[in-house]
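Asker: This structure is in structure tokens; I'll ask about it shortly.
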Amino acid sequence: MNESPLVSVIIPLYNGSQFIEETLDSALAQDYAPFEIIVVDDGSTDDGADIVKKYPAPVRYLYRENQGNAAARNYGIRKGQGEFIALLDQDDLWEKHKIKTHVNYMLKNPEIYFTIAHFKYFLSPGVERPAWLRENLIKNQHADYSPSSLVARKGIFDAVGYFNREFKTGSDSDWFFRARDMNIPMAVINEVLLYRRVHNSNQSIHVSQAHTEMLKLIRESIHRKKYNEKHGRTQ
């Protein structure tokens with residue numbers, strides 16, 4: 001494997017003009033090379049496209065009719081040319097050494113197929129701390145099982161599959177459940193490399209839908225485990 005393999009950074013965009021410039025700047029500030037950034041516009045109706053199109057290479061802008069976050073991520077992953085895939089949400093920020101830290105770890109540990117890191121929350125300017133964001137949550141760092149934290153070998157998506165478009169809010173959780181149920185070797189980097197933005201828009205998630213999807217993916221995970229045990233596919 002190349003000592004400095006190409007990394008494809010995939011950013012789904014949907015009406016994220018308020019944040020996409022800061023997010024792109026944090027991705028472009030990476031102290032690793034080479035990398036490409038693929039922004040997949042999922043049918044936005046704001047001026048986010050105009051902002052992205054102002055950026056030269058390595059930023060690429062792709063447009064698709066609105067099909068949801070999971071579909072946008074999948075499209076970007078398939079279009080990526082890198083040996084590694086790094087995902088980033090349109091409103092989150094990276095430390096400048098995030099890609100380098102993940103890639104170096106996996107180059108030194110070839111048995112590891114994907115890595116996540118720790119994150120901290122931050123409040124978008126002018127946003128009051130919501131009730132769910134308790135003091136300890138915003139002060140402390142946390143292991144992050146979310147797309148913005150994930151850096152993976154591209155081949156893992158052939159093994160685990162892509163993000164399930166059936167889930168509107170839980171496609172990322174479903175992917176991590178499937179990887180775990182397949183006993184895919186992974187690692188958690190115990191360092192804050194990601195900052196997850198709290199803003200008014202991401203506080204409006206449909207709680208009932210999220211709970212329903214979580215229950216469904218947990219049931220599916222239990223069924224997979226039972227199937228694997230029955231067929232001797234556990235480690």
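So you can find residues: chains in the structure tokens are A, B, ... in the order shown, residues in each start at 1, and ligands are numbered from 1 in order.
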Could you go through region 149-189 of chain A and tell me which residues DSSP, when run on the backbone, assigns to helix (DSSP H, G or I), listing them as JSON, numbers by chain?

Answerer: {"A": [149, 156, 157, 158, 159, 160, 171, 172, 173, 174, 175, 176, 177, 178, 179, 180, 181]}

Asker: Give me the residues of region 125-151 of chain A that have any atom at most 12 Å from an atom of region 173-179 of chain A; for each, the nearest atom pair and the distance in Å, rounded to one decimal. Use only C-alpha atoms, sort by chain and number, and format it as JSON lines.

Answerer:
```
{"residue": "A:Asp144", "atom": "CA", "partner": "A:Ser173", "partner_atom": "CA", "distance": 10.9}
{"residue": "A:Tyr145", "atom": "CA", "partner": "A:Phe176", "partner_atom": "CA", "distance": 7.2}
{"residue": "A:Ser146", "atom": "CA", "partner": "A:Ser173", "partner_atom": "CA", "distance": 7.4}
{"residue": "A:Pro147", "atom": "CA", "partner": "A:Ser173", "partner_atom": "CA", "distance": 9.1}
{"residue": "A:Ser149", "atom": "CA", "partner": "A:Phe176", "partner_atom": "CA", "distance": 11.8}
{"residue": "A:Leu150", "atom": "CA", "partner": "A:Phe176", "partner_atom": "CA", "distance": 9.9}
```

Asker: Mind writing the picked residues with C-alpha atoms as a PDB file, in the first residue's frame?

Answerer:
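The resulting result-v1.pdb:
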```pdb
ATOM      1  CA  ASP A 144     -17.893   9.076  18.414  1.00  0.00           C
ATOM      2  CA  TYR A 145     -19.777   6.440  16.456  1.00  0.00           C
ATOM      3  CA  SER A 146     -20.905   8.877  13.788  1.00  0.00           C
ATOM      4  CA  PRO A 147     -20.046   9.476  10.121  1.00  0.00           C
ATOM      5  CA  SER A 149     -15.626  10.503  12.927  1.00  0.00           C
ATOM      6  CA  LEU A 150     -15.266   7.586  10.533  1.00  0.00           C
TER       7      LEU A 150
END
```

Asker: Which neighbours of His142 (chain A) fall inside 7 Å, counting only C-alpha atoms, when residues of the same chain fewer than 6 positions from it are skipped, and could you give them as an mmCIF file with C-alpha atoms, in the first residue's frame?

Answerer:
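Heads up, here's the output in selection.cif:
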```
data_model
loop_
_atom_site.group_PDB
_atom_site.id
_atom_site.type_symbol
_atom_site.label_atom_id
_atom_site.label_comp_id
_atom_site.auth_asym_id
_atom_site.auth_seq_id
_atom_site.Cartn_x
_atom_site.Cartn_y
_atom_site.Cartn_z
ATOM 1 C CA HIS A 118 -13.241 11.191 20.156
ATOM 2 C CA PHE A 119 -15.278 14.361 19.780
ATOM 3 C CA LYS A 120 -16.530 17.349 21.732
#
```

Asker: Just to confirm, what's the straight-line distance from CA of Asp91 (chain A) to CA of Arg197 (chain A) in Å (one decimal)?

Answerer: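 Between these atoms lies a distance of 6.1 Å.
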
Asker: Compile the contact shell of Ala72 (chain A) as JSON, numbers by chain: residues with an atom at most 6 Å away, counting only C-alpha atoms, same-chain residues fewer than 2 positions apart removed.

Answerer: {"A": [12, 40, 69, 70, 74, 75]}

Asker: May I have the selected residues written with C-alpha atoms, as a short mmCIF file (atom, residue, chain, number, x, y, z; two decimals), in the first residue's frame?

Answerer:
```
data_model
loop_
_atom_site.label_atom_id
_atom_site.label_comp_id
_atom_site.auth_asym_id
_atom_site.auth_seq_id
_atom_site.Cartn_x
_atom_site.Cartn_y
_atom_site.Cartn_z
CA PRO A 12 -23.33 15.32 2.03
CA VAL A 40 -22.70 15.64 -2.72
CA ASN A 69 -28.33 11.63 3.65
CA ALA A 70 -27.63 7.92 3.31
CA ASN A 74 -23.28 6.22 -0.75
CA TYR A 75 -23.02 8.15 -4.00
#
```

Asker: Nearest to Val59 (chain A) among A:Gly43, A:Ala86, A:Glu95, A:Asp25, with distances taken over only C-alpha atoms: which residue is it?

Answerer: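 Once distances to Val59 (chain A) are computed over only C-alpha atoms, the minimum belongs to A:Asp25.
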